[in-house]
$ cat final.cif   # mmCIF, C-alpha atoms
data_start
loop_
_atom_site.label_atom_id
_atom_site.label_comp_id
_atom_site.auth_asym_id
_atom_site.auth_seq_id
_atom_site.Cartn_x
_atom_site.Cartn_y
_atom_site.Cartn_z
CA MET A 1 18.92 -88.99 -149.24
CA ARG A 2 17.10 -87.08 -151.99
CA ILE A 3 17.45 -83.32 -151.50
CA LEU A 4 15.92 -80.44 -153.47
CA ALA A 5 17.64 -77.04 -153.65
CA ILE A 6 15.39 -74.23 -154.92
CA ASP A 7 16.51 -70.62 -155.37
CA GLY A 8 15.87 -68.07 -158.12
CA ASP A 9 19.26 -66.39 -157.66
CA PRO A 10 21.81 -68.35 -159.75
CA ARG A 11 24.73 -67.55 -157.43
CA ALA A 12 22.75 -68.40 -154.31
CA LEU A 13 21.58 -71.66 -155.89
CA GLU A 14 25.13 -72.56 -156.87
CA LEU A 15 26.38 -71.89 -153.33
CA LEU A 16 23.49 -73.81 -151.74
CA THR A 17 24.07 -76.80 -154.04
CA ALA A 18 27.83 -76.84 -153.39
CA CYS A 19 27.32 -76.61 -149.62
CA LEU A 20 24.72 -79.38 -149.69
CA ARG A 21 27.14 -81.66 -151.54
CA GLN A 22 29.68 -81.09 -148.77
CA ALA A 23 27.15 -81.41 -145.97
CA CYS A 24 25.67 -84.63 -147.41
CA PRO A 25 28.32 -86.29 -149.64
CA GLY A 26 26.16 -89.33 -150.34
CA GLY A 27 23.05 -87.30 -151.04
CA GLU A 28 21.15 -87.05 -154.31
CA ILE A 29 21.04 -83.26 -154.86
CA HIS A 30 18.59 -81.74 -157.36
CA PRO A 31 18.94 -77.96 -157.90
CA PHE A 32 16.06 -75.93 -159.40
CA ALA A 33 15.97 -72.26 -160.42
CA ASN A 34 12.27 -71.91 -159.67
CA GLY A 35 9.36 -73.67 -158.01
CA HIS A 36 7.55 -74.72 -161.19
CA LYS A 37 10.56 -76.72 -162.37
CA ALA A 38 10.80 -78.48 -159.01
CA LEU A 39 7.08 -79.34 -159.01
CA ALA A 40 7.20 -80.52 -162.63
CA TRP A 41 10.14 -82.79 -161.86
CA LEU A 42 8.40 -84.31 -158.85
CA GLU A 43 5.19 -84.93 -160.79
CA ARG A 44 7.03 -86.30 -163.83
CA THR A 45 9.28 -88.70 -161.95
CA GLY A 46 6.88 -89.61 -159.16
CA GLU A 47 9.82 -89.31 -156.77
CA GLY A 48 9.45 -87.86 -153.33
CA PHE A 49 12.16 -86.11 -151.34
CA GLU A 50 13.64 -86.29 -147.88
CA ALA A 51 14.52 -82.59 -147.65
CA ALA A 52 13.83 -79.44 -149.67
CA PHE A 53 15.91 -76.31 -149.07
CA LEU A 54 14.07 -73.35 -150.59
CA GLU A 55 14.07 -69.58 -150.68
CA THR A 56 10.97 -67.72 -149.49
CA VAL A 57 11.11 -65.25 -152.41
CA LEU A 58 11.11 -66.90 -155.83
CA PRO A 59 10.55 -65.46 -159.33
CA ASP A 60 7.53 -67.59 -160.26
CA VAL A 61 5.77 -68.62 -157.05
CA GLY A 62 6.13 -67.57 -153.41
CA GLY A 63 8.27 -69.86 -151.31
CA ILE A 64 5.50 -70.36 -148.74
CA SER A 65 3.01 -71.28 -151.48
CA LEU A 66 5.57 -73.62 -153.05
CA ALA A 67 6.20 -75.24 -149.68
CA GLY A 68 2.49 -76.02 -149.35
CA GLN A 69 2.48 -77.67 -152.78
CA LEU A 70 5.60 -79.66 -151.95
CA LYS A 71 3.99 -80.77 -148.71
CA ALA A 72 0.91 -81.95 -150.61
CA LEU A 73 3.07 -84.04 -152.97
CA CYS A 74 5.31 -85.42 -150.22
CA PRO A 75 3.74 -85.08 -146.74
CA ARG A 76 6.79 -86.40 -144.89
CA GLY A 77 9.30 -84.38 -146.88
CA ASN A 78 11.26 -81.96 -144.69
CA LEU A 79 11.02 -78.27 -145.60
CA ILE A 80 13.97 -76.04 -144.69
CA PHE A 81 13.82 -72.40 -145.72
CA VAL A 82 17.05 -70.64 -146.65
CA THR A 83 16.49 -66.90 -146.92
CA GLU A 84 17.62 -63.43 -145.88
CA PHE A 85 14.06 -62.49 -144.90
CA SER A 86 12.86 -63.11 -141.35
CA GLN A 87 9.22 -62.05 -141.78
CA TYR A 88 8.15 -65.40 -143.25
CA MET A 89 9.24 -67.46 -140.27
CA GLY A 90 5.78 -67.67 -138.69
CA GLU A 91 4.19 -68.87 -141.94
CA ALA A 92 7.01 -71.36 -142.45
CA PHE A 93 6.52 -73.04 -139.10
CA ARG A 94 2.76 -73.11 -139.50
CA LEU A 95 3.57 -75.44 -142.41
CA HIS A 96 5.58 -77.52 -139.91
CA ALA A 97 8.87 -76.61 -141.54
CA SER A 98 11.86 -78.53 -140.26
CA GLY A 99 14.12 -75.46 -140.22
CA TYR A 100 14.63 -71.80 -141.14
CA LEU A 101 18.15 -70.67 -142.05
CA ARG A 102 19.39 -67.15 -142.72
CA LYS A 103 21.68 -66.47 -145.66
CA PRO A 104 24.53 -66.75 -146.34
CA VAL A 105 24.23 -70.50 -145.98
CA THR A 106 27.10 -72.51 -144.49
CA VAL A 107 28.03 -76.19 -144.54
CA PRO A 108 27.86 -76.56 -140.71
CA ALA A 109 24.38 -75.02 -140.65
CA LEU A 110 23.19 -77.43 -143.34
CA ARG A 111 24.73 -80.38 -141.52
CA GLY A 112 22.92 -79.33 -138.37
CA GLU A 113 19.56 -79.19 -140.17
CA LEU A 114 20.09 -82.55 -141.87
CA ALA A 115 21.00 -84.14 -138.53
CA ASP A 116 17.82 -82.85 -136.88
CA LEU A 117 15.06 -83.30 -139.45
CA ARG A 118 11.43 -83.30 -138.35
CA TYR A 119 10.90 -86.56 -140.29
CA PRO A 120 14.16 -88.56 -140.13
CA PRO A 121 14.51 -90.43 -143.45
CA ALA A 122 16.70 -93.16 -142.03
CA GLU A 123 14.09 -94.04 -139.46
CA GLU A 124 13.36 -97.74 -139.68
CA ALA A 125 9.71 -98.61 -140.14
CA LEU A 126 8.20 -99.76 -136.86
CA PRO A 127 6.62 -103.23 -137.07
CA LEU A 128 3.57 -102.33 -134.92
CA ARG A 129 1.20 -100.02 -136.78
CA VAL A 130 -1.90 -98.45 -135.23
CA GLN A 131 -4.66 -97.10 -137.45
CA THR A 132 -7.01 -94.62 -135.80
CA PHE A 133 -8.61 -92.89 -138.80
CA GLY A 134 -11.75 -94.68 -139.92
CA ASN A 135 -11.71 -97.81 -137.73
CA PHE A 136 -9.29 -98.39 -134.88
CA GLU A 137 -7.07 -101.33 -135.89
CA ILE A 138 -3.67 -102.73 -134.90
CA PHE A 139 -1.28 -104.44 -137.31
CA TYR A 140 2.00 -106.26 -136.82
CA ARG A 141 4.09 -106.39 -140.00
CA GLY A 142 0.91 -105.94 -142.03
CA GLN A 143 -1.12 -108.61 -140.23
CA PRO A 144 -4.08 -107.74 -137.94
CA VAL A 145 -3.46 -108.15 -134.21
CA ARG A 146 -6.22 -109.96 -132.30
CA PHE A 147 -6.69 -109.95 -128.54
CA ARG A 148 -8.37 -112.68 -126.53
CA ARG A 149 -10.72 -110.19 -124.87
CA SER A 150 -12.79 -107.67 -126.84
CA ARG A 151 -12.30 -104.84 -124.35
CA THR A 152 -8.52 -105.10 -124.59
CA LYS A 153 -8.82 -103.20 -127.84
CA GLU A 154 -10.72 -100.42 -126.04
CA LEU A 155 -7.99 -100.27 -123.40
CA PHE A 156 -5.26 -99.99 -126.03
CA ALA A 157 -7.22 -97.31 -127.92
CA TYR A 158 -7.40 -95.16 -124.80
CA LEU A 159 -3.70 -95.60 -124.04
CA ILE A 160 -2.83 -94.65 -127.62
CA ASP A 161 -4.87 -91.47 -127.28
CA ARG A 162 -2.98 -90.61 -124.06
CA ARG A 163 0.26 -90.49 -126.12
CA GLY A 164 2.54 -91.73 -123.36
CA ALA A 165 0.80 -90.15 -120.38
CA GLY A 166 0.22 -92.66 -117.60
CA SER A 167 -3.27 -93.79 -116.61
CA THR A 168 -4.25 -95.13 -113.19
CA MET A 169 -6.44 -98.16 -112.60
CA GLY A 170 -9.20 -95.91 -111.32
CA GLU A 171 -9.07 -93.73 -114.43
CA LEU A 172 -9.21 -96.73 -116.74
CA ILE A 173 -12.18 -98.17 -114.87
CA SER A 174 -14.08 -94.88 -115.21
CA ILE A 175 -13.39 -94.88 -118.97
CA LEU A 176 -13.97 -98.54 -119.80
CA TRP A 177 -16.80 -99.19 -117.33
CA GLU A 178 -18.57 -95.85 -117.31
CA GLY A 179 -21.00 -95.67 -114.39
CA ARG A 180 -19.61 -98.78 -112.65
CA LEU A 181 -18.14 -98.61 -109.17
CA ASP A 182 -14.45 -99.29 -108.60
CA THR A 183 -14.90 -102.73 -107.02
CA PRO A 184 -12.49 -105.66 -106.59
CA SER A 185 -14.44 -107.51 -109.31
CA VAL A 186 -14.03 -104.70 -111.83
CA ARG A 187 -10.35 -104.30 -110.92
CA SER A 188 -9.88 -108.01 -111.55
CA GLN A 189 -11.43 -107.63 -115.00
CA LEU A 190 -9.14 -104.68 -115.77
CA ARG A 191 -6.08 -106.66 -114.66
CA SER A 192 -7.16 -109.41 -117.07
CA LEU A 193 -7.32 -106.87 -119.92
CA ILE A 194 -3.87 -105.52 -119.07
CA THR A 195 -2.48 -109.06 -118.95
CA ASP A 196 -4.09 -109.83 -122.31
CA LEU A 197 -2.61 -106.66 -123.82
CA ARG A 198 0.88 -107.26 -122.50
CA SER A 199 0.98 -110.99 -123.29
CA THR A 200 -0.29 -110.41 -126.85
CA LEU A 201 2.36 -107.76 -127.49
CA GLN A 202 5.04 -109.87 -125.82
CA ALA A 203 4.24 -112.78 -128.15
CA LEU A 204 4.97 -110.39 -131.04
CA GLY A 205 8.22 -109.20 -129.48
CA GLN A 206 6.65 -105.80 -128.80
CA GLU A 207 6.52 -105.86 -125.02
CA GLY A 208 8.28 -102.47 -124.90
CA VAL A 209 5.18 -100.77 -126.33
CA VAL A 210 3.42 -100.92 -122.94
CA ILE A 211 5.01 -99.39 -119.85
CA LYS A 212 3.69 -100.60 -116.49
CA ARG A 213 4.73 -98.88 -113.26
CA ARG A 214 2.89 -99.69 -110.02
CA ASP A 215 -0.61 -98.24 -110.48
CA LEU A 216 0.24 -96.54 -113.80
CA ILE A 217 0.14 -97.90 -117.34
CA ALA A 218 1.05 -96.14 -120.59
CA VAL A 219 2.24 -96.73 -124.14
CA ASP A 220 5.64 -95.64 -125.44
CA PRO A 221 4.74 -93.52 -128.52
CA ARG A 222 8.23 -94.06 -129.94
CA GLN A 223 7.50 -97.77 -130.36
CA VAL A 224 4.33 -97.34 -132.44
CA ASP A 225 3.76 -96.27 -136.05
CA CYS A 226 0.46 -94.42 -135.51
CA ASP A 227 -1.38 -92.30 -138.09
CA TYR A 228 -2.81 -90.14 -135.28
CA TYR A 229 0.69 -89.28 -134.07
CA HIS A 230 1.80 -88.46 -137.62
CA PHE A 231 -1.26 -86.23 -137.99
CA LEU A 232 -0.43 -84.29 -134.82
CA ALA A 233 3.16 -83.90 -136.05
CA GLY A 234 1.92 -82.18 -139.20
CA ASP A 235 1.42 -85.03 -141.65
CA ARG A 236 -2.10 -84.43 -142.99
CA SER A 237 -2.19 -87.40 -145.39
CA PRO A 238 -4.22 -89.67 -143.02
CA ARG A 239 -7.25 -87.39 -143.46
CA ASN A 240 -7.82 -89.03 -146.85
CA LEU A 241 -8.63 -92.21 -144.95
CA PHE A 242 -11.29 -90.23 -143.13
CA ARG A 243 -13.16 -89.30 -146.33
CA GLY A 244 -11.53 -85.91 -146.54
CA GLU A 245 -12.85 -84.64 -143.21
CA TYR A 246 -10.38 -82.44 -141.35
CA MET A 247 -10.08 -83.64 -137.76
CA SER A 248 -10.25 -80.60 -135.51
CA ASN A 249 -12.17 -79.29 -132.54
CA TYR A 250 -13.36 -82.71 -131.37
CA SER A 251 -11.90 -85.65 -129.50
CA TRP A 252 -10.71 -88.62 -131.48
CA ALA A 253 -10.79 -90.68 -128.30
CA GLU A 254 -14.49 -90.04 -127.72
CA THR A 255 -15.29 -91.04 -131.30
CA THR A 256 -13.13 -94.15 -131.33
CA LEU A 257 -13.92 -95.40 -127.84
CA GLY A 258 -17.60 -94.69 -128.34
CA SER A 259 -17.78 -96.80 -131.48
CA LEU A 260 -15.75 -99.60 -129.88
CA MET A 261 -18.01 -99.71 -126.85
CA GLU A 262 -21.10 -99.84 -129.04
CA GLU A 263 -19.56 -102.85 -130.83
CA GLY A 264 -18.76 -104.50 -127.47
#
$ encode --input "final.cif" --output "structure tokens"
Amino acid sequence: MRILAIDGDPRALELLTACLRQACPGGEIHPFANGHKALAWLERTGEGFEAAFLETVLPDVGGISLAGQLKALCPRGNLIFVTEFSQYMGEAFRLHASGYLRKPVTVPALRGELADLRYPPAEEALPLRVQTFGNFEIFYRGQPVRFRRSRTKELFAYLIDRRGAGSTMGELISILWEGRLDTPSVRSQLRSLITDLRSTLQALGQEGVVIKRRDLIAVDPRQVDCDYYHFLAGDRSPRNLFRGEYMSNYSWAETTLGSLMEEG
């Protein structure tokens, strides 16, 4: 694990570095006396980081400002503030900081933060990737996933947007067949879509992605590598795929499902 330690106080930096080496013996610890040195090192080496422990008050640049720049360079890098000032906590968590520790720092506190990072570095890449920004697409180990029925993709898009919340047959009919009555014929068509979705995922060894319980169906968000979920968790890098537009104040589902239905 690559860890940055940033503090303008030499004694505080020395203590933080020593504690980090105890808390993470196998870690790659890089101490910096100011933010500019840390940024210069990141830009020069092209290396990212798994965690950055930084003070909120630094001699050259504010810790909150530095955190924003670190986040831009490494969107999934975990930011943990280590400070004696409590007034920056709100700003820190608006940046989706992983933690906020009060000085003096201790080895157990650092271990606790490293064990509960917002973006776990040891997390194995999930084989099923869902792209929602731009065009809605599904990939398995880098290869596009194709369904037998065109509307199966619409069904999966809606379930992805629900983020694990269950949907009833009636709800799905109202979404996928807007204006149509809930008839046995339409229900039969929906069951065919659900079968297509589940059998396609099962053939890929990903049957756990879809959860089916009686009249409810949902996706398990933990089984999917989805840019939309990363975005909601604070990773803003997918917006570059959307031509720089910041997704806010409108429904992704309406946009995606609308375009899919026009195609169908």
$ resolve_selection --input "final.cif" --expression "the PyMOL selection byres ((chain A and resi 48) around 8)" --output "list of chain:residue names"
A:Arg2, A:Leu42, A:Gly46, A:Glu47, A:Phe49, A:Glu50, A:Leu73, A:Cys74, A:Gly77
$ residues_around --input "final.cif" --residues "region 57-61 of chain A" --least-positions-apart "4" --cutoff "10 Å" --atoms "all atoms listed in the file" --output "ChimeraX atom specification"
/A:6-9,33-37,65-67,82-85,88
$ atom_distance --input "final.cif" --atom1 "CA of Thr132 (chain A)" --atom2 "CA of Leu155 (chain A)"
13.7 Å
$ resolve_selection --input "final.cif" --expression "the PyMOL selection byres ((chain A and resi 4) around 9)" --output "list of chain:residue names"
A:Arg2, A:Ile3, A:Ala5, A:Ile6, A:Thr17, A:Glu28, A:Ile29, A:His30, A:Pro31, A:Phe32, A:Ala38, A:Phe49, A:Glu50, A:Ala51, A:Ala52, A:Phe53, A:Leu54
$ resolve_selection --input "final.cif" --expression "the PyMOL selection byres ((chain A and resi 110) around 9)" --output "number ranges by chain"
A: 19-20, 23-24, 101, 105-109, 111-115
$ closest_atom_pairs --input "final.cif" --of "region 49-105 of chain A" --to "region 220-237 of chain A" --cutoff "7 Å" --atoms "all atoms listed in the file" --output "tab-separated table"
residue	atom	partner	partner_atom	distance
A:Pro75	CA	A:Asp235	CA	5.6
A:Arg76	CA	A:Asp235	CA	6.4
A:His96	CA	A:Gly234	CA	6.0
$ axis_aligned_box --input "final.cif" --around "region 76-79 of chain A" --padding-each-side "8 Å" --output "AutoDock Vina command-line options"
--center_x 9.0 --center_y -82.3 --center_z -145.8 --size_x 20.5 --size_y 24.1 --size_z 18.2
$ closest_residue --input "final.cif" --among "A:Asp116, A:Gln69, A:Gly99, A:Arg21" --to "Glu43 (chain A)" --atoms "all atoms listed in the file"
A:Gln69
$ residues_around --input "final.cif" --residues "region 182-190 of chain A" --least-positions-apart "5" --cutoff "12 Å" --atoms "all atoms listed in the file" --output "short mmCIF file (atom, residue, chain, number, x, y, z; two decimals) with C-alpha atoms, keeping the file's coordinate frame"
data_model
loop_
_atom_site.label_atom_id
_atom_site.label_comp_id
_atom_site.auth_asym_id
_atom_site.auth_seq_id
_atom_site.Cartn_x
_atom_site.Cartn_y
_atom_site.Cartn_z
CA ARG A 149 -10.72 -110.19 -124.87
CA SER A 150 -12.79 -107.67 -126.84
CA ARG A 151 -12.30 -104.84 -124.35
CA THR A 152 -8.52 -105.10 -124.59
CA GLU A 154 -10.72 -100.42 -126.04
CA LEU A 155 -7.99 -100.27 -123.40
CA PHE A 156 -5.26 -99.99 -126.03
CA THR A 168 -4.25 -95.13 -113.19
CA MET A 169 -6.44 -98.16 -112.60
CA GLY A 170 -9.20 -95.91 -111.32
CA GLU A 171 -9.07 -93.73 -114.43
CA LEU A 172 -9.21 -96.73 -116.74
CA ILE A 173 -12.18 -98.17 -114.87
CA SER A 174 -14.08 -94.88 -115.21
CA ILE A 175 -13.39 -94.88 -118.97
CA LEU A 176 -13.97 -98.54 -119.80
CA TRP A 177 -16.80 -99.19 -117.33
CA THR A 195 -2.48 -109.06 -118.95
CA ASP A 196 -4.09 -109.83 -122.31
CA LEU A 197 -2.61 -106.66 -123.82
CA ASP A 215 -0.61 -98.24 -110.48
CA ILE A 217 0.14 -97.90 -117.34
#
$ closest_residue --input "final.cif" --among "A:Ala97, A:Pro104, A:Trp41, A:Gln87" --to "Ala12 (chain A)" --atoms "only C-alpha atoms"
A:Pro104
$ closest_residue --input "final.cif" --among "A:Val130, A:Ala203, A:Val210, A:Leu193" --to "Gly164 (chain A)" --atoms "only C-alpha atoms"
A:Val210
$ atom_distance --input "final.cif" --atom1 "CA of Gly205 (chain A)" --atom2 "CA of Lys153 (chain A)"
18.1 Å
$ build_atoms --input "final.cif" --residues "region 58-79 of chain A" --atoms "N, CA, C and O atoms" --output "PDB file, in the frame of the given file"
ATOM      1  N   LEU A  58      10.738 -66.263-154.571  1.00  0.00           N
ATOM      2  CA  LEU A  58      11.110 -66.900-155.830  1.00  0.00           C
ATOM      3  C   LEU A  58      10.488 -66.135-156.996  1.00  0.00           C
ATOM      4  O   LEU A  58       9.470 -65.450-156.824  1.00  0.00           O
ATOM      5  N   PRO A  59      11.044 -66.253-158.201  1.00  0.00           N
ATOM      6  CA  PRO A  59      10.550 -65.460-159.330  1.00  0.00           C
ATOM      7  C   PRO A  59       9.172 -65.870-159.856  1.00  0.00           C
ATOM      8  O   PRO A  59       8.463 -65.060-160.442  1.00  0.00           O
ATOM      9  N   ASP A  60       8.771 -67.114-159.643  1.00  0.00           N
ATOM     10  CA  ASP A  60       7.530 -67.590-160.260  1.00  0.00           C
ATOM     11  C   ASP A  60       6.409 -67.858-159.250  1.00  0.00           C
ATOM     12  O   ASP A  60       5.235 -67.691-159.547  1.00  0.00           O
ATOM     13  N   VAL A  61       6.769 -68.291-158.059  1.00  0.00           N
ATOM     14  CA  VAL A  61       5.770 -68.620-157.050  1.00  0.00           C
ATOM     15  C   VAL A  61       6.387 -68.350-155.677  1.00  0.00           C
ATOM     16  O   VAL A  61       7.582 -68.553-155.477  1.00  0.00           O
ATOM     17  N   GLY A  62       5.582 -67.844-154.737  1.00  0.00           N
ATOM     18  CA  GLY A  62       6.130 -67.570-153.410  1.00  0.00           C
ATOM     19  C   GLY A  62       6.621 -68.830-152.743  1.00  0.00           C
ATOM     20  O   GLY A  62       6.061 -69.920-152.924  1.00  0.00           O
ATOM     21  N   GLY A  63       7.697 -68.693-151.965  1.00  0.00           N
ATOM     22  CA  GLY A  63       8.270 -69.860-151.310  1.00  0.00           C
ATOM     23  C   GLY A  63       7.306 -70.542-150.357  1.00  0.00           C
ATOM     24  O   GLY A  63       7.297 -71.776-150.246  1.00  0.00           O
ATOM     25  N   ILE A  64       6.468 -69.771-149.669  1.00  0.00           N
ATOM     26  CA  ILE A  64       5.500 -70.360-148.740  1.00  0.00           C
ATOM     27  C   ILE A  64       4.449 -71.155-149.522  1.00  0.00           C
ATOM     28  O   ILE A  64       4.079 -72.270-149.149  1.00  0.00           O
ATOM     29  N   SER A  65       3.984 -70.579-150.635  1.00  0.00           N
ATOM     30  CA  SER A  65       3.010 -71.280-151.480  1.00  0.00           C
ATOM     31  C   SER A  65       3.622 -72.553-152.060  1.00  0.00           C
ATOM     32  O   SER A  65       2.989 -73.613-152.082  1.00  0.00           O
ATOM     33  N   LEU A  66       4.861 -72.453-152.509  1.00  0.00           N
ATOM     34  CA  LEU A  66       5.570 -73.620-153.050  1.00  0.00           C
ATOM     35  C   LEU A  66       5.710 -74.698-151.977  1.00  0.00           C
ATOM     36  O   LEU A  66       5.512 -75.887-152.247  1.00  0.00           O
ATOM     37  N   ALA A  67       6.032 -74.282-150.762  1.00  0.00           N
ATOM     38  CA  ALA A  67       6.200 -75.240-149.680  1.00  0.00           C
ATOM     39  C   ALA A  67       4.915 -76.023-149.441  1.00  0.00           C
ATOM     40  O   ALA A  67       4.943 -77.231-149.211  1.00  0.00           O
ATOM     41  N   GLY A  68       3.769 -75.332-149.513  1.00  0.00           N
ATOM     42  CA  GLY A  68       2.490 -76.020-149.350  1.00  0.00           C
ATOM     43  C   GLY A  68       2.257 -77.049-150.430  1.00  0.00           C
ATOM     44  O   GLY A  68       1.740 -78.145-150.168  1.00  0.00           O
ATOM     45  N   GLN A  69       2.651 -76.723-151.669  1.00  0.00           N
ATOM     46  CA  GLN A  69       2.480 -77.670-152.780  1.00  0.00           C
ATOM     47  C   GLN A  69       3.441 -78.845-152.645  1.00  0.00           C
ATOM     48  O   GLN A  69       3.084 -79.987-152.949  1.00  0.00           O
ATOM     49  N   LEU A  70       4.651 -78.573-152.188  1.00  0.00           N
ATOM     50  CA  LEU A  70       5.600 -79.660-151.950  1.00  0.00           C
ATOM     51  C   LEU A  70       5.106 -80.586-150.860  1.00  0.00           C
ATOM     52  O   LEU A  70       5.229 -81.812-150.955  1.00  0.00           O
ATOM     53  N   LYS A  71       4.517 -79.994-149.824  1.00  0.00           N
ATOM     54  CA  LYS A  71       3.990 -80.770-148.710  1.00  0.00           C
ATOM     55  C   LYS A  71       2.845 -81.673-149.167  1.00  0.00           C
ATOM     56  O   LYS A  71       2.716 -82.814-148.720  1.00  0.00           O
ATOM     57  N   ALA A  72       2.019 -81.156-150.098  1.00  0.00           N
ATOM     58  CA  ALA A  72       0.910 -81.950-150.610  1.00  0.00           C
ATOM     59  C   ALA A  72       1.420 -83.149-151.412  1.00  0.00           C
ATOM     60  O   ALA A  72       0.838 -84.234-151.363  1.00  0.00           O
ATOM     61  N   LEU A  73       2.504 -82.951-152.162  1.00  0.00           N
ATOM     62  CA  LEU A  73       3.070 -84.040-152.970  1.00  0.00           C
ATOM     63  C   LEU A  73       3.849 -85.038-152.119  1.00  0.00           C
ATOM     64  O   LEU A  73       3.882 -86.227-152.424  1.00  0.00           O
ATOM     65  N   CYS A  74       4.469 -84.555-151.050  1.00  0.00           N
ATOM     66  CA  CYS A  74       5.310 -85.420-150.220  1.00  0.00           C
ATOM     67  C   CYS A  74       5.125 -85.017-148.762  1.00  0.00           C
ATOM     68  O   CYS A  74       5.912 -84.225-148.224  1.00  0.00           O
ATOM     69  N   PRO A  75       4.076 -85.530-148.099  1.00  0.00           N
ATOM     70  CA  PRO A  75       3.740 -85.080-146.740  1.00  0.00           C
ATOM     71  C   PRO A  75       4.858 -85.207-145.719  1.00  0.00           C
ATOM     72  O   PRO A  75       4.943 -84.413-144.791  1.00  0.00           O
ATOM     73  N   ARG A  76       5.718 -86.209-145.869  1.00  0.00           N
ATOM     74  CA  ARG A  76       6.790 -86.400-144.890  1.00  0.00           C
ATOM     75  C   ARG A  76       8.131 -85.886-145.390  1.00  0.00           C
ATOM     76  O   ARG A  76       9.181 -86.208-144.841  1.00  0.00           O
ATOM     77  N   GLY A  77       8.081 -85.048-146.428  1.00  0.00           N
ATOM     78  CA  GLY A  77       9.300 -84.380-146.880  1.00  0.00           C
ATOM     79  C   GLY A  77       9.606 -83.208-145.958  1.00  0.00           C
ATOM     80  O   GLY A  77       8.717 -82.462-145.557  1.00  0.00           O
ATOM     81  N   ASN A  78      10.859 -83.042-145.598  1.00  0.00           N
ATOM     82  CA  ASN A  78      11.260 -81.960-144.690  1.00  0.00           C
ATOM     83  C   ASN A  78      11.485 -80.663-145.453  1.00  0.00           C
ATOM     84  O   ASN A  78      12.190 -80.644-146.468  1.00  0.00           O
ATOM     85  N   LEU A  79      10.886 -79.587-144.976  1.00  0.00           N
ATOM     86  CA  LEU A  79      11.020 -78.270-145.600  1.00  0.00           C
ATOM     87  C   LEU A  79      11.955 -77.416-144.754  1.00  0.00           C
ATOM     88  O   LEU A  79      11.715 -77.205-143.570  1.00  0.00           O
TER      89      LEU A  79
END
